[in-house]
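What follows is model_14.cif (mmCIF, C-alpha atoms).
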data_structure
loop_
_atom_site.label_atom_id
_atom_site.label_comp_id
_atom_site.auth_asym_id
_atom_site.auth_seq_id
_atom_site.Cartn_x
_atom_site.Cartn_y
_atom_site.Cartn_z
CA MET A 1 -19.97 -28.31 -0.39
CA ASN A 2 -18.74 -30.11 -3.49
CA ALA A 3 -19.00 -29.37 -7.21
CA HIS A 4 -22.23 -31.34 -7.52
CA ASP A 5 -23.91 -29.22 -4.85
CA VAL A 6 -22.72 -25.98 -6.45
CA THR A 7 -24.05 -27.08 -9.84
CA VAL A 8 -27.43 -28.07 -8.41
CA LEU A 9 -27.62 -24.86 -6.38
CA GLY A 10 -27.02 -22.91 -9.59
CA TYR A 11 -30.00 -24.59 -11.25
CA ALA A 12 -32.09 -23.98 -8.15
CA ALA A 13 -31.14 -20.29 -8.04
CA ILE A 14 -32.08 -19.86 -11.70
CA GLY A 15 -35.38 -21.66 -11.14
CA ILE A 16 -36.17 -19.53 -8.09
CA SER A 17 -35.32 -16.40 -10.08
CA GLY A 18 -37.78 -17.42 -12.78
CA ALA A 19 -40.48 -18.18 -10.23
CA GLY A 20 -39.76 -14.82 -8.57
CA LEU A 21 -40.14 -12.98 -11.86
CA GLN A 22 -43.44 -14.73 -12.55
CA LEU A 23 -44.75 -13.87 -9.07
CA THR A 24 -43.57 -10.27 -9.44
CA SER A 25 -45.34 -10.03 -12.80
CA LEU A 26 -48.67 -10.80 -11.12
CA ARG A 27 -48.51 -7.68 -8.94
CA PRO A 28 -50.65 -4.78 -10.19
CA GLY A 29 -48.60 -2.27 -12.17
CA SER A 30 -45.59 -4.55 -12.44
CA ARG A 31 -43.13 -3.78 -15.25
CA ILE A 32 -42.29 -7.48 -15.50
CA PRO A 33 -44.57 -9.24 -17.99
CA PRO A 34 -45.84 -12.72 -17.13
CA LEU A 35 -43.98 -15.39 -19.07
CA GLY A 36 -47.19 -16.26 -20.93
CA ARG A 37 -47.61 -12.70 -22.19
CA LEU A 38 -43.98 -12.55 -23.28
CA LEU A 39 -44.41 -15.82 -25.17
CA GLY A 40 -47.59 -14.43 -26.74
CA TRP A 41 -45.58 -11.47 -28.00
CA VAL A 42 -42.79 -13.69 -29.33
CA MET A 43 -45.38 -15.92 -31.03
CA ARG A 44 -47.15 -13.09 -32.85
CA THR A 45 -45.16 -13.91 -35.99
CA ARG A 46 -44.81 -17.19 -37.85
CA SER A 47 -41.08 -17.44 -37.15
CA GLY A 48 -41.73 -16.81 -33.46
CA ARG A 49 -44.49 -19.43 -33.29
CA VAL A 50 -42.45 -22.03 -35.12
CA GLY A 51 -39.36 -21.18 -33.05
CA VAL A 52 -41.11 -21.55 -29.71
CA ILE A 53 -42.89 -24.75 -30.73
CA THR A 54 -39.64 -26.17 -32.10
CA GLY A 55 -38.03 -25.46 -28.74
CA TRP A 56 -40.83 -27.36 -27.03
CA VAL A 57 -40.38 -30.30 -29.43
CA TRP A 58 -36.64 -30.26 -28.74
CA VAL A 59 -37.29 -30.61 -25.01
CA GLY A 60 -39.35 -33.74 -25.69
CA LEU A 61 -36.72 -35.16 -27.98
CA HIS A 62 -33.87 -34.32 -25.62
CA TYR A 63 -35.38 -35.96 -22.56
CA PHE A 64 -37.12 -38.97 -24.11
CA ALA A 65 -36.05 -39.73 -27.69
CA ARG A 66 -32.84 -41.09 -29.10
CA MET B 1 -53.49 4.36 -44.81
CA ALA B 2 -49.74 4.10 -44.77
CA GLY B 3 -48.03 5.35 -41.66
CA THR B 4 -51.06 5.12 -39.39
CA ARG B 5 -51.27 2.70 -36.47
CA ARG B 6 -54.51 1.22 -35.31
CA ALA B 7 -55.12 1.36 -31.60
CA PRO B 8 -55.18 -2.23 -30.30
CA ALA B 9 -57.88 -1.41 -27.78
CA SER B 10 -60.33 -0.54 -30.56
CA LEU B 11 -60.03 -3.91 -32.26
CA ALA B 12 -62.39 -6.79 -31.76
CA PRO B 13 -60.59 -10.08 -31.00
CA ALA B 14 -61.47 -11.41 -34.47
CA ASP B 15 -59.84 -8.37 -36.08
CA ARG B 16 -56.62 -8.86 -34.13
CA ILE B 17 -55.95 -12.20 -35.75
CA GLU B 18 -54.68 -12.72 -39.25
CA ARG B 19 -55.15 -16.34 -40.11
CA ALA B 20 -52.50 -17.77 -42.40
CA GLY B 21 -54.40 -21.04 -42.40
CA SER B 22 -57.58 -22.48 -41.00
CA ILE B 23 -57.38 -24.88 -38.10
CA PRO B 24 -60.60 -24.21 -36.24
CA ALA B 25 -60.00 -26.74 -33.47
CA PHE B 26 -56.93 -24.87 -32.28
CA SER B 27 -57.85 -21.29 -33.09
CA ARG B 28 -61.21 -21.19 -31.31
CA LYS B 29 -62.12 -21.63 -27.69
CA LEU B 30 -62.64 -25.35 -27.19
CA SER B 31 -65.90 -26.68 -25.81
CA GLY B 32 -65.92 -28.72 -22.62
CA PRO B 33 -66.34 -32.15 -24.28
CA VAL B 34 -63.56 -31.42 -26.80
CA ARG B 35 -61.21 -30.38 -24.00
CA LEU B 36 -62.08 -33.53 -22.10
CA LEU B 37 -61.47 -35.66 -25.20
CA LEU B 38 -58.10 -34.01 -25.84
CA ALA B 39 -57.09 -34.44 -22.19
CA ALA B 40 -58.08 -38.12 -22.32
CA ALA B 41 -56.11 -38.61 -25.54
CA ALA B 42 -53.08 -36.91 -23.98
CA LEU B 43 -53.39 -39.12 -20.91
CA VAL B 44 -53.56 -42.31 -22.99
CA TYR B 45 -50.61 -41.12 -25.09
CA ALA B 46 -48.59 -40.35 -21.93
CA VAL B 47 -49.33 -43.72 -20.37
CA VAL B 48 -48.51 -45.66 -23.55
CA VAL B 49 -45.41 -43.70 -24.55
CA GLY B 50 -44.20 -43.54 -20.95
CA GLY B 51 -44.14 -47.33 -21.03
CA PHE B 52 -41.49 -47.31 -23.72
CA GLU B 53 -37.87 -47.30 -22.71
CA ARG B 54 -36.19 -43.90 -22.86
CA TYR B 55 -34.09 -43.23 -25.97
CA SER B 56 -35.78 -46.09 -27.83
CA TRP B 57 -37.17 -45.91 -31.36
CA PRO B 58 -40.85 -46.25 -30.34
CA VAL B 59 -40.69 -43.22 -28.05
CA THR B 60 -38.71 -41.31 -30.66
CA VAL B 61 -41.36 -41.96 -33.32
CA ALA B 62 -44.15 -40.99 -30.91
CA ILE B 63 -42.47 -37.71 -29.93
CA VAL B 64 -41.57 -36.84 -33.54
CA LEU B 65 -45.15 -37.48 -34.69
CA VAL B 66 -46.70 -35.16 -32.10
CA GLY B 67 -43.94 -32.59 -32.59
CA SER B 68 -44.43 -32.56 -36.36
CA VAL B 69 -48.16 -31.97 -36.03
CA ALA B 70 -47.48 -29.14 -33.57
CA VAL B 71 -44.96 -27.46 -35.90
CA VAL B 72 -47.43 -27.67 -38.82
CA ILE B 73 -50.15 -26.08 -36.66
CA ALA B 74 -47.71 -23.40 -35.51
CA TRP B 75 -46.79 -22.67 -39.13
CA ARG B 76 -50.41 -22.18 -40.16
CA GLY B 77 -51.29 -19.73 -37.42
CA PRO B 78 -53.28 -17.96 -36.12
CA LEU B 79 -50.91 -15.01 -36.32
CA ILE B 80 -51.73 -12.09 -34.06
CA ARG B 81 -50.11 -8.99 -35.47
CA ASP B 82 -50.83 -6.32 -32.91
CA VAL B 83 -49.79 -7.77 -29.57
CA ASP B 84 -48.51 -4.96 -27.39
CA LEU B 85 -44.77 -5.01 -26.76
CA PRO B 86 -44.13 -5.83 -23.09
CA ASP B 87 -41.91 -3.45 -21.13
CA PRO B 88 -38.42 -4.05 -22.61
CA ARG B 89 -36.83 -4.07 -19.15
CA GLY B 90 -39.16 -6.84 -18.07
CA ALA B 91 -38.43 -8.79 -21.23
CA VAL B 92 -34.69 -8.38 -20.57
CA ALA B 93 -35.16 -9.76 -17.05
CA TRP B 94 -36.70 -12.92 -18.52
CA ALA B 95 -33.98 -13.13 -21.14
CA VAL B 96 -31.33 -12.99 -18.40
CA VAL B 97 -32.94 -15.97 -16.65
CA PHE B 98 -33.07 -18.07 -19.82
CA VAL B 99 -29.56 -17.12 -20.92
CA ALA B 100 -28.25 -17.92 -17.43
CA LEU B 101 -29.92 -21.32 -17.59
CA GLY B 102 -28.40 -21.99 -21.00
CA LEU B 103 -24.92 -20.93 -19.91
CA TRP B 104 -25.08 -22.91 -16.65
CA GLU B 105 -26.20 -26.01 -18.55
CA LEU B 106 -23.48 -25.45 -21.16
CA ALA B 107 -20.84 -25.05 -18.46
CA ALA B 108 -21.92 -28.34 -16.86
CA LEU B 109 -21.86 -30.04 -20.25
CA LEU B 110 -18.35 -28.79 -21.04
CA MET B 111 -17.05 -29.86 -17.61
CA GLN B 112 -18.08 -33.47 -18.17
CA PRO B 113 -15.24 -35.91 -18.99
CA SER B 114 -16.57 -35.86 -22.57
CA LEU B 115 -19.70 -34.62 -24.30
CA THR B 116 -21.17 -38.13 -24.24
CA THR B 117 -20.11 -39.08 -20.69
CA ASP B 118 -22.33 -37.91 -17.83
CA SER B 119 -20.71 -36.36 -14.78
CA TRP B 120 -22.03 -36.60 -11.21
CA GLU B 121 -19.89 -33.62 -10.19
CA HIS B 122 -21.15 -31.40 -13.01
CA PRO B 123 -24.58 -32.73 -13.89
CA THR B 124 -26.60 -31.34 -16.79
CA LEU B 125 -30.36 -31.08 -16.37
CA SER B 126 -30.87 -34.28 -18.34
CA THR B 127 -28.39 -36.09 -16.07
CA LEU B 128 -30.32 -34.86 -13.02
CA MET B 129 -33.55 -36.05 -14.63
CA ASP B 130 -32.19 -39.56 -15.26
CA SER B 131 -33.19 -40.79 -11.83
CA VAL B 132 -36.58 -39.07 -12.04
CA LEU B 133 -37.42 -40.48 -15.48
CA GLY B 134 -36.34 -43.99 -14.64
CA SER B 135 -39.82 -45.30 -13.86
CA HIS B 136 -42.89 -45.70 -16.06
CA PRO B 137 -45.19 -43.50 -13.90
CA ALA B 138 -42.65 -40.68 -13.75
CA ARG B 139 -42.10 -40.81 -17.51
CA SER B 140 -45.86 -40.78 -18.13
CA ILE B 141 -46.38 -37.80 -15.82
CA SER B 142 -43.49 -35.95 -17.47
CA ILE B 143 -44.81 -36.65 -20.96
CA PHE B 144 -48.31 -35.54 -19.91
CA VAL B 145 -46.90 -32.26 -18.55
CA TRP B 146 -44.89 -31.85 -21.77
CA LEU B 147 -48.11 -32.28 -23.77
CA LEU B 148 -49.97 -29.79 -21.56
CA VAL B 149 -47.26 -27.18 -22.10
CA GLY B 150 -47.30 -27.82 -25.85
CA GLY B 151 -51.09 -27.58 -25.98
CA SER B 152 -50.95 -24.30 -24.07
CA LEU B 153 -48.31 -22.91 -26.43
CA ILE B 154 -50.02 -23.99 -29.64
CA ARG B 155 -53.24 -22.21 -28.64
CA ARG B 156 -51.53 -18.82 -28.18
#

As structure tokens, the full file:
Amino acid sequence: MNAHDVTVLGYAAIGISGAGLQLTSLRPGSRIPPLGRLLGWVMRTRSGRVGVITGWVWVGLHYFAR
Amino acid sequence: MAGTRRAPASLAPADRIERAGSIPAFSRKLSGPVRLLLAAAALVYAVVVGGFERYSWPVTVAIVLVGSVAVVIAWRGPLIRDVDLPDPRGAVAWAVVFVALGLWELAALLMQPSLTTDSWEHPTLSTLMDSVLGSHPARSISIFVWLLVGGSLIRR
């Protein structure tokens, strides 16, 4: 296993952890909130809304724009 | 009355929202035809913008335009003041995932030969996406998904 594989495995592990949290959140009585509910809480204020939307815009700029 | 808290369960949805501005199209439930129209517009946008070369000025202008509109809508609201705080331990679990992603990405970035030179051994997410986003269809699908996520966020 080389450095490339380790790096990619790290991303995969983080992605699987996130998917696991989301699945866990769907169980009745779970203490883990779904990501959507957490975002709803963060976006209850103007700074939260603008912050989250700015993050989304940054993703678009980062992957597509110069 | 100062010092009293209203019980969220007793509030009608309209009372839970304090509108800092008025953008009815994004603060109300959309009708079927409007949703269809927005989806069609997003699809056309994705196909057209996906046809532009990555990191070119046309795609930059297109992304900035949509992003600017989204930030203006986000600024104006609606603002929902009384959303219940999720369980802090659950919120921390999500924070750990996002911080881990940020640190892993940062580590890969810092292990490149330079900040502007990609590394196959220590790829960042954008380096890994280079091969995926190399074709017009893949770029269009990615941009469409990006728009869907943005539309979902802006309606919260």

Query - Proximal residues of chain A relative to chain B (only C-alpha atoms; 6 Å) as a ChimeraX atom specification - result: /A:3-4,31-33,41,44-46,49-50,57,64-66

Query raised in the report: Using all atoms listed in the file, which of A:Asp5, A:Ser30, A:Trp56, A:Leu35 sits nearest Gly18 of chain A?
Result: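 Answer, going by the shortest atom-to-atom distance: A:Leu35.
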
Calculate, to one decimal in Å, the centre and edge lengths of the box along x, y and z of the file that holds all listed atoms of segment 41-53 of chain B with 4 Å of margin on each side, and present them as lines of an AutoDock Vina configuration file.
center_x = -47.0
center_y = -42.1
center_z = -23.0
size_x = 26.2
size_y = 18.4
size_z = 13.2

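Interatomic distance, atom CA of Val6 of chain A against atom CA of Leu23 of chain A: 25.3 Å.
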
**Report entry** For atom CA of Phe144 of chain B and atom CA of Ala42 of chain B, the interatomic separation in Å (one decimal)
**Finding:**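 Calculated distance between atom CA of Phe144 of chain B and atom CA of Ala42 of chain B is 6.4 Å.
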
Query - Answer key for the PyMOL selection byres ((chain B and resi 43) around 10), residues as a PyMOL selection string - result: chain B and resi 37-42+44-49+140-141+143-145+147-148

Prev. selection, C-alpha atoms, output as a PDB file, in the coordinates of the input:
ATOM      1  CA  LEU B  37     -61.470 -35.660 -25.200  1.00  0.00           C
ATOM      2  CA  LEU B  38     -58.100 -34.010 -25.840  1.00  0.00           C
ATOM      3  CA  ALA B  39     -57.090 -34.440 -22.190  1.00  0.00           C
ATOM      4  CA  ALA B  40     -58.080 -38.120 -22.320  1.00  0.00           C
ATOM      5  CA  ALA B  41     -56.110 -38.610 -25.540  1.00  0.00           C
ATOM      6  CA  ALA B  42     -53.080 -36.910 -23.980  1.00  0.00           C
ATOM      7  CA  VAL B  44     -53.560 -42.310 -22.990  1.00  0.00           C
ATOM      8  CA  TYR B  45     -50.610 -41.120 -25.090  1.00  0.00           C
ATOM      9  CA  ALA B  46     -48.590 -40.350 -21.930  1.00  0.00           C
ATOM     10  CA  VAL B  47     -49.330 -43.720 -20.370  1.00  0.00           C
ATOM     11  CA  VAL B  48     -48.510 -45.660 -23.550  1.00  0.00           C
ATOM     12  CA  VAL B  49     -45.410 -43.700 -24.550  1.00  0.00           C
ATOM     13  CA  SER B 140     -45.860 -40.780 -18.130  1.00  0.00           C
ATOM     14  CA  ILE B 141     -46.380 -37.800 -15.820  1.00  0.00           C
ATOM     15  CA  ILE B 143     -44.810 -36.650 -20.960  1.00  0.00           C
ATOM     16  CA  PHE B 144     -48.310 -35.540 -19.910  1.00  0.00           C
ATOM     17  CA  VAL B 145     -46.900 -32.260 -18.550  1.00  0.00           C
ATOM     18  CA  LEU B 147     -48.110 -32.280 -23.770  1.00  0.00           C
ATOM     19  CA  LEU B 148     -49.970 -29.790 -21.560  1.00  0.00           C
TER      20      LEU B 148
END

Query raised in the report: Between atom CA of Gly36 of chain A and atom CA of Gly32 of chain B, what is the distance, to one decimal in Å?
Result: 22.6 Å

Please return segment 117-134 of chain B, rebuilt to N, CA, C and O atoms, as a short mmCIF file (atom, residue, chain, number, x, y, z; two decimals), in the frame of the given file.
data_model
loop_
_atom_site.label_atom_id
_atom_site.label_comp_id
_atom_site.auth_asym_id
_atom_site.auth_seq_id
_atom_site.Cartn_x
_atom_site.Cartn_y
_atom_site.Cartn_z
N THR B 117 -20.25 -38.40 -21.99
CA THR B 117 -20.11 -39.08 -20.69
C THR B 117 -20.68 -38.20 -19.58
O THR B 117 -20.20 -37.08 -19.37
N ASP B 118 -21.70 -38.70 -18.91
CA ASP B 118 -22.33 -37.91 -17.83
C ASP B 118 -21.36 -37.73 -16.66
O ASP B 118 -20.47 -38.55 -16.44
N SER B 119 -21.56 -36.64 -15.93
CA SER B 119 -20.71 -36.36 -14.78
C SER B 119 -21.59 -36.14 -13.55
O SER B 119 -22.53 -35.34 -13.60
N TRP B 120 -21.29 -36.83 -12.45
CA TRP B 120 -22.03 -36.60 -11.21
C TRP B 120 -21.63 -35.26 -10.61
O TRP B 120 -22.45 -34.57 -10.01
N GLU B 121 -20.37 -34.88 -10.78
CA GLU B 121 -19.89 -33.62 -10.19
C GLU B 121 -20.46 -32.40 -10.90
O GLU B 121 -20.71 -31.38 -10.29
N HIS B 122 -20.63 -32.52 -12.22
CA HIS B 122 -21.15 -31.40 -13.01
C HIS B 122 -22.34 -31.89 -13.83
O HIS B 122 -22.25 -32.02 -15.05
N PRO B 123 -23.45 -32.14 -13.17
CA PRO B 123 -24.58 -32.73 -13.89
C PRO B 123 -25.32 -31.71 -14.77
O PRO B 123 -25.53 -30.57 -14.36
N THR B 124 -25.69 -32.15 -15.98
CA THR B 124 -26.60 -31.34 -16.79
C THR B 124 -28.02 -31.62 -16.31
O THR B 124 -28.25 -32.53 -15.51
N LEU B 125 -28.98 -30.86 -16.80
CA LEU B 125 -30.36 -31.08 -16.37
C LEU B 125 -30.83 -32.48 -16.74
O LEU B 125 -31.54 -33.14 -15.98
N SER B 126 -30.41 -32.95 -17.93
CA SER B 126 -30.87 -34.28 -18.34
C SER B 126 -30.24 -35.36 -17.46
O SER B 126 -30.87 -36.38 -17.18
N THR B 127 -29.01 -35.13 -16.99
CA THR B 127 -28.39 -36.09 -16.07
C THR B 127 -29.17 -36.11 -14.74
O THR B 127 -29.43 -37.17 -14.18
N LEU B 128 -29.55 -34.92 -14.27
CA LEU B 128 -30.32 -34.86 -13.02
C LEU B 128 -31.69 -35.52 -13.18
O LEU B 128 -32.23 -36.08 -12.23
N MET B 129 -32.22 -35.47 -14.40
CA MET B 129 -33.55 -36.05 -14.63
C MET B 129 -33.50 -37.56 -14.82
O MET B 129 -34.56 -38.21 -14.80
N ASP B 130 -32.30 -38.11 -15.01
CA ASP B 130 -32.19 -39.56 -15.26
C ASP B 130 -32.87 -40.38 -14.17
O ASP B 130 -33.60 -41.32 -14.45
N SER B 131 -32.60 -40.01 -12.92
CA SER B 131 -33.19 -40.79 -11.83
C SER B 131 -34.70 -40.59 -11.76
O SER B 131 -35.46 -41.49 -11.41
N VAL B 132 -35.14 -39.36 -12.09
CA VAL B 132 -36.58 -39.07 -12.04
C VAL B 132 -37.32 -39.84 -13.14
O VAL B 132 -38.41 -40.37 -12.91
N LEU B 133 -36.73 -39.89 -14.32
CA LEU B 133 -37.42 -40.48 -15.48
C LEU B 133 -37.17 -41.98 -15.61
O LEU B 133 -37.44 -42.56 -16.66
N GLY B 134 -36.66 -42.57 -14.57
CA GLY B 134 -36.34 -43.99 -14.64
C GLY B 134 -37.55 -44.91 -14.56
O GLY B 134 -37.48 -46.06 -14.98
#
